[in-house]
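J.: Next comes the structure file entry_38.pdb, holding PDB, C-alpha atoms and all ligand atoms.
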ATOM      1  CA  MET A   1      12.528   9.617 -12.717
ATOM      2  CA  THR A   2      13.291  13.260 -13.368
ATOM      3  CA  PRO A   3      12.806  15.727 -10.478
ATOM      4  CA  ASN A   4       9.706  17.272 -12.102
ATOM      5  CA  ASP A   5       8.087  13.997 -13.055
ATOM      6  CA  THR A   6       4.806  13.695 -11.182
ATOM      7  CA  THR A   7       3.534  10.602 -12.974
ATOM      8  CA  PRO A   8       2.374   8.242 -10.201
ATOM      9  CA  ILE A   9       4.691   5.302  -9.621
ATOM     10  CA  VAL A  10       2.794   3.924  -6.612
ATOM     11  CA  GLY A  11      -0.914   3.207  -6.687
ATOM     12  CA  ILE A  12      -2.789   3.131  -3.397
ATOM     13  CA  ILE A  13      -6.140   1.410  -3.728
ATOM     14  CA  MET A  14      -8.697   0.584  -1.055
ATOM     15  CA  GLY A  15     -11.987  -1.215  -0.927
ATOM     16  CA  SER A  16     -14.044   1.610   0.543
ATOM     17  CA  ARG A  17     -13.901   5.245   1.567
ATOM     18  CA  SER A  18     -14.112   3.883   5.108
ATOM     19  CA  ASP A  19     -10.562   2.542   4.622
ATOM     20  CA  TRP A  20      -9.146   6.035   4.081
ATOM     21  CA  GLU A  21      -8.594   6.691   7.799
ATOM     22  CA  THR A  22      -6.096   3.813   7.673
ATOM     23  CA  MET A  23      -4.747   4.212   4.147
ATOM     24  CA  ARG A  24      -4.143   7.954   4.489
ATOM     25  CA  HIS A  25      -1.064   6.992   6.479
ATOM     26  CA  ALA A  26       0.394   5.309   3.403
ATOM     27  CA  ASP A  27      -0.460   8.423   1.388
ATOM     28  CA  GLU A  28       1.190  10.708   3.957
ATOM     29  CA  THR A  29       4.325   8.546   4.166
ATOM     30  CA  LEU A  30       4.771   8.475   0.397
ATOM     31  CA  SER A  31       4.258  12.246   0.312
ATOM     32  CA  ALA A  32       6.913  12.708   2.999
ATOM     33  CA  LEU A  33       9.322  10.825   0.743
ATOM     34  CA  ASP A  34       8.321  12.789  -2.389
ATOM     35  CA  ILE A  35       7.150   9.657  -4.176
ATOM     36  CA  PRO A  36       4.547  10.412  -6.880
ATOM     37  CA  HIS A  37       1.460   8.363  -6.159
ATOM     38  CA  GLU A  38      -2.302   8.181  -6.570
ATOM     39  CA  CYS A  39      -5.145   7.075  -4.290
ATOM     40  CA  GLN A  40      -8.380   5.473  -5.470
ATOM     41  CA  VAL A  41     -11.310   3.474  -4.126
ATOM     42  CA  VAL A  42     -11.395   0.161  -5.988
ATOM     43  CA  SER A  43     -13.545  -2.591  -4.520
ATOM     44  CA  ALA A  44     -13.056  -6.233  -5.471
ATOM     45  CA  HIS A  45     -16.722  -7.078  -4.932
ATOM     46  CA  ARG A  46     -18.563  -3.749  -5.378
ATOM     47  CA  THR A  47     -16.629  -2.483  -8.412
ATOM     48  CA  PRO A  48     -15.038  -5.582  -9.970
ATOM     49  CA  GLY A  49     -14.891  -3.968 -13.403
ATOM     50  CA  ARG A  50     -12.975  -1.011 -11.984
ATOM     51  CA  LEU A  51     -10.513  -3.412 -10.357
ATOM     52  CA  PHE A  52     -10.051  -5.342 -13.618
ATOM     53  CA  ASP A  53      -9.347  -2.162 -15.550
ATOM     54  CA  TYR A  54      -7.053  -0.726 -12.857
ATOM     55  CA  ALA A  55      -4.930  -3.848 -12.446
ATOM     56  CA  HIS A  56      -4.574  -4.548 -16.150
ATOM     57  CA  ALA A  57      -3.603  -0.949 -16.951
ATOM     58  CA  ALA A  58      -1.310  -0.393 -13.951
ATOM     59  CA  ARG A  59       2.070  -1.305 -15.433
ATOM     60  CA  GLY A  60       1.363   0.401 -18.734
ATOM     61  CA  ARG A  61       0.509   3.655 -16.933
ATOM     62  CA  GLY A  62       3.915   3.625 -15.211
ATOM     63  CA  LEU A  63       2.987   2.302 -11.790
ATOM     64  CA  LYS A  64       5.742   0.219 -10.192
ATOM     65  CA  VAL A  65       4.166  -0.849  -6.897
ATOM     66  CA  ILE A  66       0.554  -1.212  -5.783
ATOM     67  CA  ILE A  67      -0.523  -0.835  -2.158
ATOM     68  CA  ALA A  68      -3.951  -2.353  -1.558
ATOM     69  CA  GLY A  69      -5.888  -1.961   1.682
ATOM     70  CA  ALA A  70      -9.105  -3.755   2.516
ATOM     71  CA  GLY A  71     -11.071  -5.057   5.466
ATOM     72  CA  GLY A  72     -13.192  -8.081   6.261
ATOM     73  CA  ALA A  73     -13.231 -10.666   3.479
ATOM     74  CA  ALA A  74     -10.393  -8.715   1.926
ATOM     75  CA  HIS A  75      -9.917 -10.045  -1.588
ATOM     76  CA  LEU A  76      -8.669  -6.774  -3.094
ATOM     77  CA  PRO A  77      -4.885  -7.291  -2.765
ATOM     78  CA  GLY A  78      -4.997 -10.886  -4.006
ATOM     79  CA  MET A  79      -7.300 -10.122  -6.902
ATOM     80  CA  ALA A  80      -5.133  -7.172  -7.904
ATOM     81  CA  ALA A  81      -2.028  -9.363  -7.719
ATOM     82  CA  SER A  82      -3.695 -11.931  -9.959
ATOM     83  CA  MET A  83      -4.032  -9.358 -12.737
ATOM     84  CA  THR A  84      -0.722  -7.484 -12.649
ATOM     85  CA  PRO A  85       2.952  -8.459 -12.541
ATOM     86  CA  LEU A  86       3.685  -5.482 -10.267
ATOM     87  CA  PRO A  87       4.514  -6.103  -6.603
ATOM     88  CA  VAL A  88       1.346  -5.799  -4.519
ATOM     89  CA  LEU A  89       1.579  -4.874  -0.834
ATOM     90  CA  GLY A  90      -1.510  -5.683   1.199
ATOM     91  CA  VAL A  91      -2.720  -3.720   4.209
ATOM     92  CA  PRO A  92      -5.309  -5.441   6.412
ATOM     93  CA  VAL A  93      -7.749  -2.769   7.569
ATOM     94  CA  GLU A  94      -9.049  -3.202  11.120
ATOM     95  CA  SER A  95     -12.631  -4.444  10.947
ATOM     96  CA  HIS A  96     -15.289  -3.870  13.608
ATOM     97  CA  ALA A  97     -16.365  -7.481  14.073
ATOM     98  CA  LEU A  98     -13.004  -9.239  14.228
ATOM     99  CA  LYS A  99     -10.518  -6.401  14.781
ATOM    100  CA  GLY A 100      -8.794  -7.036  11.453
ATOM    101  CA  MET A 101      -7.935 -10.694  12.007
ATOM    102  CA  ASP A 102     -10.337 -11.503   9.158
ATOM    103  CA  SER A 103      -8.608  -8.940   6.939
ATOM    104  CA  LEU A 104      -5.153 -10.212   7.885
ATOM    105  CA  LEU A 105      -5.894 -13.857   7.204
ATOM    106  CA  SER A 106      -7.736 -13.050   3.965
ATOM    107  CA  ILE A 107      -4.735 -11.128   2.656
ATOM    108  CA  VAL A 108      -1.815 -13.135   3.996
ATOM    109  CA  GLN A 109      -2.964 -16.647   3.129
ATOM    110  CA  MET A 110      -2.466 -16.476  -0.622
ATOM    111  CA  PRO A 111      -1.981 -19.869  -2.244
ATOM    112  CA  GLY A 112       1.469 -20.380  -3.747
ATOM    113  CA  GLY A 113       1.879 -18.744  -7.155
ATOM    114  CA  VAL A 114       0.373 -15.289  -6.659
ATOM    115  CA  PRO A 115       2.206 -13.373  -3.921
ATOM    116  CA  VAL A 116       0.934 -10.471  -1.831
ATOM    117  CA  GLY A 117       3.397  -8.866   0.555
ATOM    118  CA  THR A 118       1.271  -8.535   3.672
ATOM    119  CA  LEU A 119       1.852  -5.858   6.293
ATOM    120  CA  ALA A 120       0.517  -5.367   9.828
ATOM    121  CA  ILE A 121      -3.133  -4.611  10.620
ATOM    122  CA  GLY A 122      -4.096  -0.936  10.481
ATOM    123  CA  LYS A 123      -2.011   2.248  10.647
ATOM    124  CA  ALA A 124       1.330   0.501  11.183
ATOM    125  CA  GLY A 125       0.723  -1.635   8.112
ATOM    126  CA  ALA A 126      -0.193   1.372   5.997
ATOM    127  CA  ILE A 127       2.949   3.246   7.017
ATOM    128  CA  ASN A 128       5.137   0.203   6.486
ATOM    129  CA  ALA A 129       3.594  -0.566   3.107
ATOM    130  CA  ALA A 130       4.673   2.884   1.976
ATOM    131  CA  LEU A 131       8.161   2.417   3.428
ATOM    132  CA  LEU A 132       8.497  -1.000   1.802
ATOM    133  CA  ALA A 133       7.368   0.448  -1.515
ATOM    134  CA  ALA A 134      10.011   3.136  -1.044
ATOM    135  CA  SER A 135      12.683   0.508  -0.380
ATOM    136  CA  ILE A 136      11.725  -1.374  -3.543
ATOM    137  CA  LEU A 137      11.795   1.785  -5.646
ATOM    138  CA  ALA A 138      15.035   2.975  -4.048
ATOM    139  CA  LEU A 139      16.863  -0.034  -5.503
ATOM    140  CA  SER A 140      16.834   1.755  -8.860
ATOM    141  CA  ASP A 141      16.513   5.390  -7.699
ATOM    142  CA  PRO A 142      19.571   6.740  -5.836
ATOM    143  CA  ALA A 143      17.892  10.057  -5.034
ATOM    144  CA  LEU A 144      15.002   8.267  -3.379
ATOM    145  CA  ALA A 145      17.459   6.021  -1.551
ATOM    146  CA  GLY A 146      18.992   9.161  -0.079
ATOM    147  CA  ARG A 147      15.601  10.510   0.995
ATOM    148  CA  LEU A 148      14.724   7.179   2.589
ATOM    149  CA  ASP A 149      18.049   7.097   4.460
ATOM    150  CA  ALA A 150      17.362  10.623   5.730
ATOM    151  CA  TRP A 151      13.812   9.688   6.801
ATOM    152  CA  ARG A 152      15.142   6.757   8.794
ATOM    153  CA  ALA A 153      17.901   8.857  10.353
ATOM    154  CA  ARG A 154      15.324  11.431  11.486
ATOM    155  CA  GLN A 155      13.243   8.649  13.010
ATOM    156  CA  THR A 156      16.264   7.325  14.889
ATOM    157  CA  GLU A 157      17.131  10.804  16.145
ATOM    158  CA  SER A 158      13.545  11.308  17.357
ATOM    159  CA  VAL A 159      13.692   8.408  19.813
ATOM    160  CA  PRO A 160      14.493   9.754  23.284
ATOM    161  CA  ASN A 161      16.943   7.993  25.534
ATOM    162  CA  ASP A 162      15.050   8.944  28.670
ATOM    163  CA  PRO A 163      11.934   6.773  29.308
ATOM    164  CA  ALA A 164      10.078   9.344  31.455
TER     165      ALA A 164
HETATM  166  C1  LIG B 201     -14.260  -3.814   2.436
HETATM  167  O1  LIG B 201     -15.325  -3.803   3.300
HETATM  168  C2  LIG B 201     -13.589  -2.500   2.568
HETATM  169  O2  LIG B 201     -12.223  -2.642   2.311
HETATM  170  C3  LIG B 201     -13.876  -2.066   3.962
HETATM  171  O3  LIG B 201     -12.759  -2.265   4.820
HETATM  172  C4  LIG B 201     -15.017  -2.962   4.400
HETATM  173  C5  LIG B 201     -16.233  -2.213   4.828
HETATM  174  O4  LIG B 201     -16.619  -1.340   3.804
HETATM  175  P1  LIG B 201     -17.803  -0.307   4.041
HETATM  176  O5  LIG B 201     -19.027  -1.108   4.354
HETATM  177  O6  LIG B 201     -17.389   0.564   5.201
HETATM  178  O7  LIG B 201     -17.920   0.475   2.766
HETATM  179  O8  LIG B 201     -14.675  -4.013   1.121
END
The structure in this file should be written as C-alpha cells.
Ligand code: RP5

T.:
Amino acid sequence: MTPNDTTPIVGIIMGSRSDWETMRHADETLSALDIPHECQVVSAHRTPGRLFDYAHAARGRGLKVIIAGAGGAAHLPGMAASMTPLPVLGVPVESHALKGMDSLLSIVQMPGGVPVGTLAIGKAGAINAALLAASILALSDPALAGRLDAWRARQTESVPNDPA
C-alpha cells in the first residue's frame, strides 16, 4: 500500500442499520489506525443478492479482510465466508431478546470447513475485530505494524496504576 492509497482493504458489513451503534466501533478503530476501509449494510436474509455480489467481488476489489456484524439468527458472517476466500471476522451484535447469545452461537458454531473468526458480543467484539484485522494486515505491511505497536503502547500508557 502506498501512503496515498485509499482503496478499501477492509470491508465492514452489517445486517441492519441498527447494528451501526455496535459496528461503528470497528470503523473508528480502523480509522485510528489509518486503515482504508468501507462500511455497508448487507443482510443475509433481507438482501441476499447484495451479499452474493459483495462476497464474490470482495477479493477482486482489493479487500483483504471482511468484518461482518449481525444479530439474532446471524448468518451474515458464515454466508459471507462461504463465498469468499478472504478471512471473515464475525461480530455478534447484542440482541434484545437474548442479549447476543443467539448472535454469538449463530456465528461461532460454524461447521468444519468454512471458518469465521468470532469475536466477543457487542462493542468489545467490534473493536477487537478491527484490531485483529490490523494484526493480519500488519504481517505484510511494516508501516501498519508500526502504527499498531504505537496504538498498543498508548493503550498501555493510559492504564493508571492507582485504582481510586
Ligand atoms: C439482523 O437482525 C441484523 O444484523 C440486526 O442485528 C437484527 C435486527 O435487525 P433490525 O430489525 O433492527 O433491522 O439481521

J.: Would you mind listing the residues within 12 Å of ligand LIG 201 (chain B), counting only C-alpha atoms and all ligand atoms, as an MDAnalysis selection string?

T.: chainID A and resid 13:23 40:48 68:77 90:100 102:104 106:107 121:122

J.: Restrict the selected residues to C-alpha atoms and save them as a PDB file, in the frame of the given file.

T.:
ATOM      1  CA  ILE A  13      -6.140   1.410  -3.728  1.00  0.00           C
ATOM      2  CA  MET A  14      -8.697   0.584  -1.055  1.00  0.00           C
ATOM      3  CA  GLY A  15     -11.987  -1.215  -0.927  1.00  0.00           C
ATOM      4  CA  SER A  16     -14.044   1.610   0.543  1.00  0.00           C
ATOM      5  CA  ARG A  17     -13.901   5.245   1.567  1.00  0.00           C
ATOM      6  CA  SER A  18     -14.112   3.883   5.108  1.00  0.00           C
ATOM      7  CA  ASP A  19     -10.562   2.542   4.622  1.00  0.00           C
ATOM      8  CA  TRP A  20      -9.146   6.035   4.081  1.00  0.00           C
ATOM      9  CA  GLU A  21      -8.594   6.691   7.799  1.00  0.00           C
ATOM     10  CA  THR A  22      -6.096   3.813   7.673  1.00  0.00           C
ATOM     11  CA  MET A  23      -4.747   4.212   4.147  1.00  0.00           C
ATOM     12  CA  GLN A  40      -8.380   5.473  -5.470  1.00  0.00           C
ATOM     13  CA  VAL A  41     -11.310   3.474  -4.126  1.00  0.00           C
ATOM     14  CA  VAL A  42     -11.395   0.161  -5.988  1.00  0.00           C
ATOM     15  CA  SER A  43     -13.545  -2.591  -4.520  1.00  0.00           C
ATOM     16  CA  ALA A  44     -13.056  -6.233  -5.471  1.00  0.00           C
ATOM     17  CA  HIS A  45     -16.722  -7.078  -4.932  1.00  0.00           C
ATOM     18  CA  ARG A  46     -18.563  -3.749  -5.378  1.00  0.00           C
ATOM     19  CA  THR A  47     -16.629  -2.483  -8.412  1.00  0.00           C
ATOM     20  CA  PRO A  48     -15.038  -5.582  -9.970  1.00  0.00           C
ATOM     21  CA  ALA A  68      -3.951  -2.353  -1.558  1.00  0.00           C
ATOM     22  CA  GLY A  69      -5.888  -1.961   1.682  1.00  0.00           C
ATOM     23  CA  ALA A  70      -9.105  -3.755   2.516  1.00  0.00           C
ATOM     24  CA  GLY A  71     -11.071  -5.057   5.466  1.00  0.00           C
ATOM     25  CA  GLY A  72     -13.192  -8.081   6.261  1.00  0.00           C
ATOM     26  CA  ALA A  73     -13.231 -10.666   3.479  1.00  0.00           C
ATOM     27  CA  ALA A  74     -10.393  -8.715   1.926  1.00  0.00           C
ATOM     28  CA  HIS A  75      -9.917 -10.045  -1.588  1.00  0.00           C
ATOM     29  CA  LEU A  76      -8.669  -6.774  -3.094  1.00  0.00           C
ATOM     30  CA  PRO A  77      -4.885  -7.291  -2.765  1.00  0.00           C
ATOM     31  CA  GLY A  90      -1.510  -5.683   1.199  1.00  0.00           C
ATOM     32  CA  VAL A  91      -2.720  -3.720   4.209  1.00  0.00           C
ATOM     33  CA  PRO A  92      -5.309  -5.441   6.412  1.00  0.00           C
ATOM     34  CA  VAL A  93      -7.749  -2.769   7.569  1.00  0.00           C
ATOM     35  CA  GLU A  94      -9.049  -3.202  11.120  1.00  0.00           C
ATOM     36  CA  SER A  95     -12.631  -4.444  10.947  1.00  0.00           C
ATOM     37  CA  HIS A  96     -15.289  -3.870  13.608  1.00  0.00           C
ATOM     38  CA  ALA A  97     -16.365  -7.481  14.073  1.00  0.00           C
ATOM     39  CA  LEU A  98     -13.004  -9.239  14.228  1.00  0.00           C
ATOM     40  CA  LYS A  99     -10.518  -6.401  14.781  1.00  0.00           C
ATOM     41  CA  GLY A 100      -8.794  -7.036  11.453  1.00  0.00           C
ATOM     42  CA  ASP A 102     -10.337 -11.503   9.158  1.00  0.00           C
ATOM     43  CA  SER A 103      -8.608  -8.940   6.939  1.00  0.00           C
ATOM     44  CA  LEU A 104      -5.153 -10.212   7.885  1.00  0.00           C
ATOM     45  CA  SER A 106      -7.736 -13.050   3.965  1.00  0.00           C
ATOM     46  CA  ILE A 107      -4.735 -11.128   2.656  1.00  0.00           C
ATOM     47  CA  ILE A 121      -3.133  -4.611  10.620  1.00  0.00           C
ATOM     48  CA  GLY A 122      -4.096  -0.936  10.481  1.00  0.00           C
TER      49      GLY A 122
END

J.: Could you check which of A:Leu139, A:Ala150, A:Ile67, A:Leu51 is closest to A:Ala126, using all atoms listed in the file?

T.: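 Smallest separation from A:Ala126 among the options: A:Ile67.
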
J.: How far is it from atom CA of A:His25 to atom CA of A:Lys123, in Å with one decimal?

T.: 6.4 Å

J.: Between atom CA of A:Gln155 and atom CA of A:Ile127, what is the spacing in Å?

T.: 13.1 Å

J.: As an exercise, work out the distance from atom CA of A:Leu89 to atom CA of A:Val65 in Å and give it to one decimal place.

T.: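 Atom CA of A:Val65 lies at a distance of 7.7 Å from atom CA of A:Leu89.
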
J.: For the interface of stretch 45-126 of chain A with stretch 135-138 of chain A (cut-off 12 Å, counting all atoms listed in the file), please tabulate each contacting residue of stretch 45-126 of chain A alongside its nearest pair of atoms and their separation in Å to one decimal, rows sorted by chain and increasing number, as a Markdown table.

T.:
| residue | atom | partner | partner_atom | distance |
| --- | --- | --- | --- | --- |
| A:Leu63 | CA | A:Leu137 | CA | 10.8 |
| A:Lys64 | CA | A:Leu137 | CA | 7.7 |
| A:Val65 | CA | A:Leu137 | CA | 8.2 |
| A:Ile66 | CA | A:Ile136 | CA | 11.4 |
| A:Leu86 | CA | A:Ile136 | CA | 11.3 |
| A:Pro87 | CA | A:Ile136 | CA | 9.2 |
| A:Val88 | CA | A:Ile136 | CA | 11.3 |
| A:Leu89 | CA | A:Ile136 | CA | 11.1 |
| A:Gly117 | CA | A:Ile136 | CA | 11.9 |

J.: With distances taken over only C-alpha atoms, which of A:His56, A:His37, A:Arg24, A:Arg154 is nearest to A:Ala134?

T.: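 With only C-alpha atoms as the atom set, the closest residue is A:His37.
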